[in-house]
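Content type CSV, C-alpha atoms and all ligand atoms, from the file work_9.csv:
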```
chain,number,residue,atom,x,y,z
L,115,MET,CA,0.0,0.0,0.0
L,116,LYS,CA,1.5,3.4,-1.0
L,117,ASN,CA,1.7,6.1,1.6
L,118,LYS,CA,0.4,9.7,1.1
L,119,GLU,CA,3.8,11.1,0.1
L,120,ASP,CA,4.3,8.4,-2.6
L,121,ILE,CA,0.8,9.1,-4.1
L,122,LEU,CA,1.4,12.8,-4.2
L,123,LEU,CA,4.8,12.3,-5.8
L,124,GLU,CA,3.3,10.0,-8.3
L,125,LEU,CA,0.7,12.6,-9.2
L,126,ALA,CA,3.3,15.2,-9.7
L,127,ARG,CA,5.5,12.9,-11.7
L,128,ALA,CA,2.7,11.9,-14.0
L,129,VAL,CA,2.1,15.6,-14.8
L,130,VAL,CA,5.8,16.1,-15.6
L,131,ASP,CA,5.9,12.9,-17.6
L,132,MET,CA,2.7,13.8,-19.6
L,133,GLU,CA,0.9,10.7,-18.5
L,134,GLU,CA,-2.8,11.4,-18.5
L,135,ASP,CA,-3.9,7.8,-17.6
L,136,THR,CA,-1.5,7.7,-14.7
L,137,CYS,CA,-2.8,11.1,-13.5
L,138,ARG,CA,-6.3,9.8,-13.5
L,139,ARG,CA,-5.4,6.6,-11.8
L,140,SER,CA,-3.2,8.3,-9.1
L,141,ALA,CA,-6.0,10.8,-8.5
L,142,ARG,CA,-8.4,8.0,-7.9
L,143,GLU,CA,-5.8,6.3,-5.7
L,144,SER,CA,-5.4,9.5,-3.7
L,145,LEU,CA,-9.1,9.6,-3.0
L,146,GLY,CA,-9.2,5.9,-2.1
L,147,ALA,CA,-6.3,6.5,0.4
L,148,GLY,CA,-8.3,9.3,2.1
L,149,ILE,CA,-6.2,12.2,0.8
L,150,GLU,CA,-8.3,15.3,0.5
L,151,ALA,CA,-9.0,16.4,-3.0
L,152,ALA,CA,-7.5,19.9,-2.3
L,153,GLU,CA,-4.3,18.4,-1.0
L,154,ALA,CA,-4.0,16.1,-4.0
L,155,ILE,CA,-4.5,19.1,-6.3
L,156,ASN,CA,-2.1,21.4,-4.6
L,157,GLY,CA,0.5,18.8,-3.3
L,158,GLY,CA,0.4,16.7,-6.4
L,159,LEU,CA,-0.9,18.2,-9.6
L,160,VAL,CA,0.1,21.8,-9.0
L,161,LYS,CA,3.6,20.8,-7.8
L,162,GLY,CA,4.1,18.8,-11.0
L,163,MET,CA,3.0,21.8,-13.1
L,164,MET,CA,5.6,24.0,-11.2
L,165,VAL,CA,8.3,21.5,-12.3
L,166,VAL,CA,7.0,21.8,-15.8
L,167,GLY,CA,7.3,25.6,-15.6
L,168,ASP,CA,11.0,25.2,-14.5
L,169,LYS,CA,11.7,22.8,-17.3
L,170,TYR,CA,10.1,25.2,-19.8
L,171,GLU,CA,12.3,28.0,-18.5
L,172,ARG,CA,15.4,25.9,-18.7
L,173,GLU,CA,14.4,24.9,-22.3
L,174,GLU,CA,14.2,21.3,-21.4
L,175,TYR,CA,10.5,21.4,-22.4
L,176,PHE,CA,8.9,23.4,-25.2
L,177,ILE,CA,5.3,24.3,-26.0
L,178,PRO,CA,4.2,20.8,-27.2
L,179,GLU,CA,5.5,19.1,-24.1
L,180,VAL,CA,4.0,21.8,-21.8
L,181,LEU,CA,0.6,21.3,-23.5
L,182,LEU,CA,0.7,17.5,-22.9
L,183,CYS,CA,1.6,18.2,-19.3
L,184,SER,CA,-1.4,20.5,-19.0
L,185,ASP,CA,-3.6,17.8,-20.4
L,186,ALA,CA,-2.3,15.3,-17.9
L,187,MET,CA,-2.9,17.8,-15.1
L,188,LEU,CA,-6.5,18.5,-16.3
L,189,ALA,CA,-7.2,14.8,-16.5
L,190,GLY,CA,-6.3,14.5,-12.8
L,191,LEU,CA,-8.2,17.6,-11.9
L,192,ALA,CA,-11.4,16.2,-13.6
L,193,VAL,CA,-11.2,13.2,-11.2
L,194,LEU,CA,-10.5,15.3,-8.1
L,195,GLN,CA,-12.7,18.4,-8.6
L,196,PRO,CA,-16.1,16.7,-7.9
L,197,HIS,CA,-14.6,15.6,-4.5
L,198,LEU,CA,-13.8,19.1,-3.3
L,199,PRO,CA,-16.1,19.7,-0.4
L,200,VAL,CA,-18.4,22.6,-1.4
L,201,ASP,CA,-19.1,25.1,1.4
L,202,ARG,CA,-22.8,25.5,1.1
L,203,GLY,CA,-22.8,28.1,3.8
L,204,GLY,CA,-20.0,30.0,2.0
L,205,THR,CA,-20.2,33.7,1.2
L,206,ALA,CA,-22.2,33.3,-2.1
L,207,ALA,CA,-20.6,36.5,-3.3
L,208,LYS,CA,-20.4,36.8,-7.0
L,209,VAL,CA,-17.0,36.9,-8.7
L,210,VAL,CA,-16.3,37.7,-12.3
L,211,LEU,CA,-13.0,36.1,-13.2
L,212,GLY,CA,-10.8,36.0,-16.2
L,213,VAL,CA,-7.4,36.2,-17.8
L,214,VAL,CA,-6.7,39.7,-19.1
L,215,ARG,CA,-6.4,40.6,-22.8
L,216,GLY,CA,-3.5,39.2,-24.7
L,217,ASP,CA,-2.9,36.3,-22.4
L,218,THR,CA,-4.0,32.7,-23.0
L,219,HIS,CA,-2.6,31.1,-19.9
L,220,ASP,CA,-5.6,29.8,-18.0
L,221,ILE,CA,-4.5,26.9,-15.9
L,222,GLY,CA,-3.9,29.0,-12.8
L,223,LYS,CA,-7.1,31.0,-13.3
L,224,SER,CA,-9.1,27.7,-13.6
L,225,LEU,CA,-7.6,26.5,-10.3
L,226,VAL,CA,-8.6,29.8,-8.6
L,227,LYS,CA,-12.1,29.3,-10.0
L,228,ILE,CA,-12.3,25.7,-8.7
L,229,MET,CA,-11.2,26.8,-5.2
L,230,LEU,CA,-13.5,29.8,-5.1
L,231,GLU,CA,-16.5,27.7,-6.1
L,232,ALA,CA,-15.6,25.1,-3.5
L,233,ALA,CA,-15.6,27.9,-0.9
L,234,GLY,CA,-19.2,28.8,-1.9
L,235,PHE,CA,-18.5,31.7,-4.3
L,236,GLU,CA,-20.6,32.1,-7.4
L,237,VAL,CA,-18.0,32.4,-10.2
L,238,TYR,CA,-18.6,33.8,-13.7
L,239,ASP,CA,-15.6,32.6,-15.7
L,240,LEU,CA,-14.9,34.8,-18.7
L,241,GLY,CA,-12.0,32.6,-19.8
L,242,ARG,CA,-8.8,33.9,-21.2
L,243,ASP,CA,-7.7,36.8,-23.4
L,244,VAL,CA,-10.6,38.9,-22.1
L,245,PRO,CA,-11.0,42.6,-23.2
L,246,PRO,CA,-11.0,45.0,-20.2
L,247,ALA,CA,-14.6,46.2,-20.8
L,248,ASP,CA,-15.9,42.7,-20.7
L,249,PHE,CA,-15.0,42.3,-17.0
L,250,VAL,CA,-16.9,45.5,-16.2
L,251,THR,CA,-19.9,44.7,-18.3
L,252,LYS,CA,-20.3,41.2,-16.9
L,253,ALA,CA,-19.8,42.4,-13.3
L,254,LEU,CA,-22.6,44.9,-13.7
L,255,GLU,CA,-24.8,42.4,-15.5
L,256,VAL,CA,-24.7,39.8,-12.8
L,257,GLY,CA,-24.4,42.1,-9.8
L,258,ALA,CA,-20.9,40.8,-8.8
L,259,SER,CA,-19.1,42.3,-5.9
L,260,VAL,CA,-15.7,41.0,-7.0
L,261,ILE,CA,-13.6,41.2,-10.2
L,262,GLY,CA,-10.7,38.7,-10.4
L,263,LEU,CA,-8.0,39.3,-12.9
L,264,SER,CA,-5.3,36.8,-13.7
L,265,THR,CA,-2.2,37.0,-15.9
L,266,LEU,CA,1.0,35.0,-16.3
L,267,MET,CA,2.8,37.5,-18.6
L,268,SER,CA,4.6,40.7,-17.7
L,269,THR,CA,3.6,42.0,-21.2
L,270,THR,CA,-0.1,41.8,-20.4
L,271,MET,CA,-0.1,42.9,-16.7
L,272,ASP,CA,-1.1,46.4,-17.7
L,273,GLY,CA,-4.5,45.1,-18.8
L,274,MET,CA,-5.3,44.9,-15.0
L,275,ARG,CA,-4.6,48.6,-14.6
L,276,THR,CA,-6.9,49.2,-17.6
L,277,VAL,CA,-9.8,47.4,-16.0
L,278,ILE,CA,-9.4,49.5,-12.8
L,279,GLU,CA,-9.2,52.7,-14.9
L,280,ASP,CA,-12.4,51.7,-16.7
L,281,LEU,CA,-14.2,51.2,-13.4
L,282,GLU,CA,-12.9,54.6,-12.2
L,283,ALA,CA,-13.9,56.3,-15.5
L,284,ARG,CA,-17.5,55.0,-15.1
L,285,GLY,CA,-17.6,56.2,-11.5
L,286,ILE,CA,-18.2,52.7,-10.1
L,287,ARG,CA,-14.8,51.8,-8.7
L,288,ASP,CA,-16.1,51.5,-5.1
L,289,ARG,CA,-18.8,49.0,-6.0
L,290,PHE,CA,-16.3,46.2,-6.6
L,291,LEU,CA,-13.3,44.5,-4.9
L,292,VAL,CA,-10.6,43.9,-7.5
L,293,MET,CA,-8.4,40.9,-6.9
L,294,VAL,CA,-5.3,40.3,-8.9
L,295,GLY,CA,-2.9,37.3,-9.2
L,296,GLY,CA,-0.6,35.3,-11.5
L,297,GLY,CA,3.2,34.8,-11.9
L,298,PRO,CA,4.5,38.3,-12.6
L,299,VAL,CA,2.0,40.1,-10.3
L,300,SER,CA,3.3,41.2,-6.9
L,301,PRO,CA,1.8,42.9,-3.9
L,302,ALA,CA,3.6,46.1,-4.9
L,303,PHE,CA,2.1,46.0,-8.4
L,304,ALA,CA,-1.3,45.4,-7.0
L,305,ARG,CA,-0.9,48.5,-4.8
L,306,GLU,CA,0.5,50.5,-7.7
L,307,ILE,CA,-2.6,49.9,-9.9
L,308,GLY,CA,-5.0,50.3,-7.1
L,309,ALA,CA,-6.2,46.7,-6.7
L,310,ASP,CA,-7.9,45.8,-3.4
L,311,LEU,CA,-6.3,42.4,-3.1
L,312,TYR,CA,-3.4,40.3,-4.3
L,313,ALA,CA,-3.2,36.5,-3.9
L,314,PRO,CA,-0.1,34.4,-4.8
L,315,ASP,CA,-2.1,31.1,-5.2
L,316,ALA,CA,-5.6,29.7,-5.4
L,317,ASN,CA,-5.8,28.9,-1.7
L,318,SER,CA,-4.8,32.3,-0.6
L,319,ALA,CA,-7.2,33.8,-3.1
L,320,VAL,CA,-10.0,32.1,-1.2
L,321,ARG,CA,-8.6,33.0,2.2
L,322,ASN,CA,-7.7,36.6,1.4
L,323,LEU,CA,-11.0,37.3,-0.4
L,324,THR,CA,-13.1,35.8,2.3
L,325,ALA,CA,-11.3,37.9,5.0
L,326,LEU,CA,-11.6,41.1,3.0
L,327,LEU,CA,-15.3,40.6,2.1
L,328,GLU,CA,-16.0,40.3,5.8
L,329,VAL,CA,-14.4,43.6,6.5
L,330,TRP,CA,-16.0,45.2,3.4
L,331,SER,CA,-19.5,44.1,4.3
L,332,CYS,CA,-19.1,45.5,7.8
L,333,ALA,CA,-17.9,48.9,6.5
I,1,LIG,CO1,3.6,30.2,-21.4
I,1,LIG,N1,4.8,31.6,-20.6
I,1,LIG,N2,3.7,31.1,-23.1
I,1,LIG,N3,2.5,28.7,-22.0
I,1,LIG,N4,4.0,29.3,-19.7
I,1,LIG,C1,5.0,31.4,-19.1
I,1,LIG,C2,4.0,32.2,-18.3
I,1,LIG,C3,6.5,32.1,-19.0
I,1,LIG,C4,6.8,32.7,-17.6
I,1,LIG,C5,7.6,31.0,-19.4
I,1,LIG,C6,8.9,31.6,-19.5
I,1,LIG,O1,9.3,32.1,-20.6
I,1,LIG,N5,9.7,31.7,-18.5
I,1,LIG,C7,6.4,33.1,-20.2
I,1,LIG,C8,5.9,34.5,-19.8
I,1,LIG,C9,7.1,35.5,-19.7
I,1,LIG,C10,6.6,36.9,-19.4
I,1,LIG,O2,6.2,37.2,-18.3
I,1,LIG,N6,6.7,37.8,-20.3
I,1,LIG,C11,5.5,32.5,-21.1
I,1,LIG,C12,5.4,32.8,-22.5
I,1,LIG,C13,6.4,33.8,-23.0
I,1,LIG,C14,4.5,32.2,-23.4
I,1,LIG,C15,4.3,32.4,-24.9
I,1,LIG,C16,4.4,33.9,-25.3
I,1,LIG,C17,5.3,31.5,-25.6
I,1,LIG,C18,5.3,31.7,-27.1
I,1,LIG,O3,4.4,31.5,-27.8
I,1,LIG,N7,6.5,32.1,-27.6
I,1,LIG,C19,2.9,31.8,-25.1
I,1,LIG,C20,1.8,32.9,-24.7
I,1,LIG,C21,0.8,33.2,-25.8
I,1,LIG,C22,-0.2,34.2,-25.2
I,1,LIG,O4,-0.8,33.9,-24.2
I,1,LIG,N8,-0.4,35.2,-25.9
I,1,LIG,C23,2.8,30.8,-24.1
I,1,LIG,C24,2.1,29.6,-24.2
I,1,LIG,C25,2.0,28.6,-23.2
I,1,LIG,C26,1.3,27.3,-23.4
I,1,LIG,C27,0.1,27.4,-24.4
I,1,LIG,C28,2.2,26.3,-23.9
I,1,LIG,C29,0.9,26.9,-21.9
I,1,LIG,C30,-0.4,27.5,-21.4
I,1,LIG,C31,-1.5,26.5,-21.4
I,1,LIG,C32,-2.7,27.0,-20.7
I,1,LIG,O5,-2.7,27.8,-19.7
I,1,LIG,N9,-3.9,26.6,-21.2
I,1,LIG,C33,2.1,27.7,-21.2
I,1,LIG,C34,2.5,27.4,-19.9
I,1,LIG,C35,1.8,26.2,-19.2
I,1,LIG,C36,3.5,28.2,-19.2
I,1,LIG,C37,4.2,27.8,-17.9
I,1,LIG,C38,5.3,26.8,-18.3
I,1,LIG,C39,3.4,27.3,-16.7
I,1,LIG,C40,2.2,28.2,-16.3
I,1,LIG,C41,1.3,27.3,-15.5
I,1,LIG,O6,0.2,26.8,-15.9
I,1,LIG,N10,1.6,27.1,-14.2
I,1,LIG,C42,4.8,29.3,-17.5
I,1,LIG,C43,6.1,29.2,-16.8
I,1,LIG,C44,5.9,29.4,-15.3
I,1,LIG,O7,4.9,29.9,-14.8
I,1,LIG,N11,7.0,29.2,-14.6
I,1,LIG,C45,4.8,30.0,-18.8
I,1,LIG,C46,0.9,26.3,-13.2
I,1,LIG,C47,-0.2,27.1,-12.6
I,1,LIG,C48,-0.9,26.2,-11.5
I,1,LIG,O8,0.4,28.2,-11.9
I,1,LIG,O9,-0.5,29.8,-13.6
I,1,LIG,O10,1.1,30.5,-11.8
I,1,LIG,P1,0.0,29.7,-12.2
I,1,LIG,O11,-1.3,30.0,-11.3
I,1,LIG,C49,-1.2,30.0,-9.8
I,1,LIG,C50,-0.8,31.4,-9.3
I,1,LIG,O12,-0.1,32.3,-10.2
I,1,LIG,C51,-2.1,32.0,-8.8
I,1,LIG,O13,-2.9,30.9,-8.4
I,1,LIG,C52,-2.6,29.8,-9.4
I,1,LIG,C53,-2.9,28.5,-8.7
I,1,LIG,O14,-2.2,28.4,-7.5
I,1,LIG,N12,-3.0,32.8,-9.7
I,1,LIG,C54,-3.9,33.7,-9.2
I,1,LIG,C55,-3.1,32.8,-11.0
I,1,LIG,N13,-4.1,33.7,-11.4
I,1,LIG,C56,-4.6,34.2,-10.3
I,1,LIG,C57,-5.6,35.1,-10.1
I,1,LIG,C58,-5.9,35.5,-8.8
I,1,LIG,C59,-5.2,35.0,-7.7
I,1,LIG,C60,-4.2,34.1,-7.9
I,1,LIG,O15,-6.9,36.4,-8.5
I,1,LIG,C61,-7.8,36.8,-9.4
```
Here is the file; what I need is its structure written in the form of C-alpha cells.
Ligand code: B1M
Amino acid sequence: MKNKEDILLELARAVVDMEEDTCRRSARESLGAGIEAAEAINGGLVKGMMVVGDKYEREEYFIPEVLLCSDAMLAGLAVLQPHLPVDRGGTAAKVVLGVVRGDTHDIGKSLVKIMLEAAGFEVYDLGRDVPPADFVTKALEVGASVIGLSTLMSTTMDGMRTVIEDLEARGIRDRFLVMVGGGPVSPAFAREIGADLYAPDANSAVRNLTALLEVWSCA
C-alpha cells in the first residue's frame, strides 16, 4: 500500500511525464487513500506543473510538451474536482473572473475558479484573453461584488490597470473589490494599480478574499 507522500509524488511525476492515464489513476488512488482532493491538487498536480514551468524556463521542455503536461494535469483535476467539499454556507458572493487581454494562460485561473467555487463563491468565468470592458460589463450584468484578474505574462499585466481605470472612469470603482494574481503580479504591483487584493495562489485567493469581504460588508 502506497503512503500519502508516494501518491502525491506519483501525481506530480505523472504531470511532468505527460501521463494522462497515470494522472487519472493516481488521482483515484489518492481519494481511495483518504487524501483530501484539495491536497492532491495542490500537493500533487500543481507541484508537477511547477516543475514543468521550471523545465520550460530551462528549455528542457517546449510548448508541445507543456501542453501535454497541462492535459495530464487537467485529467487528474477532472477526477478530483467533484470531490472538493463545497461550502454551502459560504459567502455566495459573485466573482467575475478571467485572464486579461493578450494572455491565453488559463491553468492557474481555472484553479482559482475551482477553489472559489468550493468555498461557496458564485464564479462567472470569462475565460482567457478577455478585453477589459468585458469584465466590467459582466460584473454589472450579474451584480458581482468581486472582479478577479489573472495574468501570467509581464507583457499583459497592464491590462489589469486598464480594468481598474475603466471602473474609475465609469464612477463605479467603489462597487467592486478587485483581486489580482498570476506569476508576474506582486503585492507592490497590486498596490500601484489600485487593486484591493493580491493572492499568490488559489488557496490564498479564497482566504484573502473571504477575509476582505467580511471587513468590506461591515464597513
Ligand atoms: Co507560457 N509563458 N507562453 N505557456 N507558460 C510562461 C508564463 C512564461 C513565464 C515562461 C517563460 O518564458 N519563462 C512566459 C511569460 C514571460 C513573461 O512574463 N513575459 C510564457 C510565454 C512567453 C508564453 C508564450 C508567449 C510563448 C510563445 O508563444 N513564444 C505563449 C503565450 C501566448 C499568449 O498567451 N499570448 C505561451 C504559451 C503557453 C502554453 C500554451 C504552452 C501553456 C499555457 C496552457 C494554458 O494555460 N492553457 C504555457 C504554460 C503552461 C506556461 C508555464 C510553463 C506554466 C504556467 C502554469 O500553468 N503554471 C509558464 C512558466 C511558469 O509559470 N514558470 C509559462 C501552473 C499554474 C498552476 O500556476 O498559472 O502561476 P499559475 O497559477 C497560480 C498562481 O499564479 C495564482 O494561483 C494559481 C494556482 O495556485 N494565480 C492567481 C493565477 N491567477 C490568479 C488570479 C488570482 C489569484 C491568484 O486572483 C484573481
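Between atom CA of L:Asp168 and atom C11 of ligand LIG 1 (chain I) lies a distance of 11.3 Å.
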> Please, what distance in Å, to one decimal, runs between atom N3 of ligand LIG 1 (chain I) and atom CA of L:Arg242?
Replying inline: 12.5 Å
> By how many Å are atom CA of L:Glu119 and atom CA of L:Gly234 apart?
Replying inline: 29.1 Å
> Which residues come within 10 Å of L:Ala206, counting all atoms listed in the file, excluding same-chain residues fewer than 3 positions away, as an MDAnalysis selection string?
Replying inline: chainID L and resid 201:203 209 230:231 233:237
> Which chains and residue numbers are within 7 Å of ligand LIG 1 (chain I), counting all atoms listed in the file, if I want them as a PyMOL selection string?
Replying inline: chain L and resi 160+163-164+166-168+170-171+177-178+180-181+184+211+216-223+225-226+262-269+293-298+312-317+319
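With only C-alpha atoms as the atoms that count, the residue of L:Glu133, L:Gly162, L:Arg321, L:Ala151 with the shortest distance to L:Val200 is L:Ala151.
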> Residues at most 12 Å from L:Lys252, counting all atoms listed in the file, excluding those fewer than 2 positions away in the same chain, as an NGL selection string?
Replying inline: :L and (208-212 or 237-240 or 244-250 or 254-262)
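Closest to L:Val329 among L:Ile307, L:Leu125, L:Leu291, L:Val299 is L:Leu291, based on all atoms listed in the file.
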>> Can you pull out the residues contacting L:His197? Cut-off 12 Å, using only C-alpha atoms, and skip same-chain residues under 5 positions away; I want them as a PyMOL selection string.
In response: chain L and resi 141-142+144-146+148-155+190-192+228-229+232
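The nearest approach to L:Ile121 among the residues L:Gly158, L:Gly285, L:Gly273, L:Pro199, with all atoms listed in the file taken into account, belongs to L:Gly158.
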Kindly complete stretch 145-173 of chain L to N, CA and C atoms; the output should be written as an mmCIF file, in the frame of the given file.
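Dumped to part_34.cif:
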```cif
data_model
loop_
_atom_site.group_PDB
_atom_site.id
_atom_site.type_symbol
_atom_site.label_atom_id
_atom_site.label_comp_id
_atom_site.auth_asym_id
_atom_site.auth_seq_id
_atom_site.Cartn_x
_atom_site.Cartn_y
_atom_site.Cartn_z
ATOM 1 N N LEU L 145 -7.815 9.540 -3.645
ATOM 2 C CA LEU L 145 -9.100 9.600 -3.000
ATOM 3 C C LEU L 145 -9.350 8.330 -2.154
ATOM 4 N N GLY L 146 -8.985 7.196 -2.759
ATOM 5 C CA GLY L 146 -9.200 5.900 -2.100
ATOM 6 C C GLY L 146 -8.317 5.852 -0.801
ATOM 7 N N ALA L 147 -7.178 6.563 -0.816
ATOM 8 C CA ALA L 147 -6.300 6.500 0.400
ATOM 9 C C ALA L 147 -6.697 7.588 1.387
ATOM 10 N N GLY L 148 -7.792 8.288 1.124
ATOM 11 C CA GLY L 148 -8.300 9.300 2.100
ATOM 12 C C GLY L 148 -7.591 10.626 2.031
ATOM 13 N N ILE L 149 -6.839 10.863 0.958
ATOM 14 C CA ILE L 149 -6.200 12.200 0.800
ATOM 15 C C ILE L 149 -7.270 13.166 0.324
ATOM 16 N N GLU L 150 -7.322 14.328 0.958
ATOM 17 C CA GLU L 150 -8.300 15.300 0.500
ATOM 18 C C GLU L 150 -8.053 15.782 -0.877
ATOM 19 N N ALA L 151 -9.139 16.024 -1.633
ATOM 20 C CA ALA L 151 -9.000 16.400 -3.000
ATOM 21 C C ALA L 151 -8.106 17.684 -3.158
ATOM 22 N N ALA L 152 -8.307 18.641 -2.252
ATOM 23 C CA ALA L 152 -7.500 19.900 -2.300
ATOM 24 C C ALA L 152 -6.050 19.621 -2.140
ATOM 25 N N GLU L 153 -5.736 18.683 -1.257
ATOM 26 C CA GLU L 153 -4.300 18.400 -1.000
ATOM 27 C C GLU L 153 -3.704 17.662 -2.232
ATOM 28 N N ALA L 154 -4.505 16.764 -2.839
ATOM 29 C CA ALA L 154 -4.000 16.100 -4.000
ATOM 30 C C ALA L 154 -3.768 17.064 -5.169
ATOM 31 N N ILE L 155 -4.654 18.062 -5.270
ATOM 32 C CA ILE L 155 -4.500 19.100 -6.300
ATOM 33 C C ILE L 155 -3.233 19.904 -6.068
ATOM 34 N N ASN L 156 -3.162 20.454 -4.850
ATOM 35 C CA ASN L 156 -2.100 21.400 -4.600
ATOM 36 C C ASN L 156 -0.723 20.672 -4.341
ATOM 37 N N GLY L 157 -0.791 19.537 -3.617
ATOM 38 C CA GLY L 157 0.500 18.800 -3.300
ATOM 39 C C GLY L 157 0.916 17.891 -4.361
ATOM 40 N N GLY L 158 0.057 17.605 -5.351
ATOM 41 C CA GLY L 158 0.400 16.700 -6.400
ATOM 42 C C GLY L 158 0.430 17.390 -7.779
ATOM 43 N N LEU L 159 -0.774 17.694 -8.280
ATOM 44 C CA LEU L 159 -0.900 18.200 -9.600
ATOM 45 C C LEU L 159 -0.184 19.575 -9.830
ATOM 46 N N VAL L 160 -0.446 20.501 -8.887
ATOM 47 C CA VAL L 160 0.100 21.800 -9.000
ATOM 48 C C VAL L 160 1.670 21.764 -8.880
ATOM 49 N N LYS L 161 2.128 20.937 -7.939
ATOM 50 C CA LYS L 161 3.600 20.800 -7.800
ATOM 51 C C LYS L 161 4.218 20.291 -9.082
ATOM 52 N N GLY L 162 3.532 19.335 -9.732
ATOM 53 C CA GLY L 162 4.100 18.800 -11.000
ATOM 54 C C GLY L 162 4.114 19.940 -12.042
ATOM 55 N N MET L 163 3.068 20.764 -12.084
ATOM 56 C CA MET L 163 3.000 21.800 -13.100
ATOM 57 C C MET L 163 4.107 22.877 -12.811
ATOM 58 N N MET L 164 4.463 23.049 -11.547
ATOM 59 C CA MET L 164 5.600 24.000 -11.200
ATOM 60 C C MET L 164 6.892 23.445 -11.796
ATOM 61 N N VAL L 165 7.082 22.126 -11.688
ATOM 62 C CA VAL L 165 8.300 21.500 -12.300
ATOM 63 C C VAL L 165 8.304 21.712 -13.777
ATOM 64 N N VAL L 166 7.120 21.563 -14.380
ATOM 65 C CA VAL L 166 7.000 21.800 -15.800
ATOM 66 C C VAL L 166 7.425 23.201 -16.180
ATOM 67 N N GLY L 167 6.962 24.168 -15.365
ATOM 68 C CA GLY L 167 7.300 25.600 -15.600
ATOM 69 C C GLY L 167 8.852 25.745 -15.548
ATOM 70 N N ASP L 168 9.501 25.103 -14.572
ATOM 71 C CA ASP L 168 11.000 25.200 -14.500
ATOM 72 C C ASP L 168 11.638 24.594 -15.713
ATOM 73 N N LYS L 169 11.099 23.466 -16.157
ATOM 74 C CA LYS L 169 11.700 22.800 -17.300
ATOM 75 C C LYS L 169 11.557 23.654 -18.578
ATOM 76 N N TYR L 170 10.393 24.331 -18.669
ATOM 77 C CA TYR L 170 10.100 25.200 -19.800
ATOM 78 C C TYR L 170 11.154 26.365 -19.792
ATOM 79 N N GLU L 171 11.359 26.900 -18.596
ATOM 80 C CA GLU L 171 12.300 28.000 -18.500
ATOM 81 C C GLU L 171 13.725 27.597 -18.791
ATOM 82 N N ARG L 172 14.068 26.351 -18.453
ATOM 83 C CA ARG L 172 15.400 25.900 -18.700
ATOM 84 C C ARG L 172 15.543 25.317 -20.158
ATOM 85 N N GLU L 173 14.466 25.435 -20.911
ATOM 86 C CA GLU L 173 14.400 24.900 -22.300
ATOM 87 C C GLU L 173 14.627 23.443 -22.411
#
```
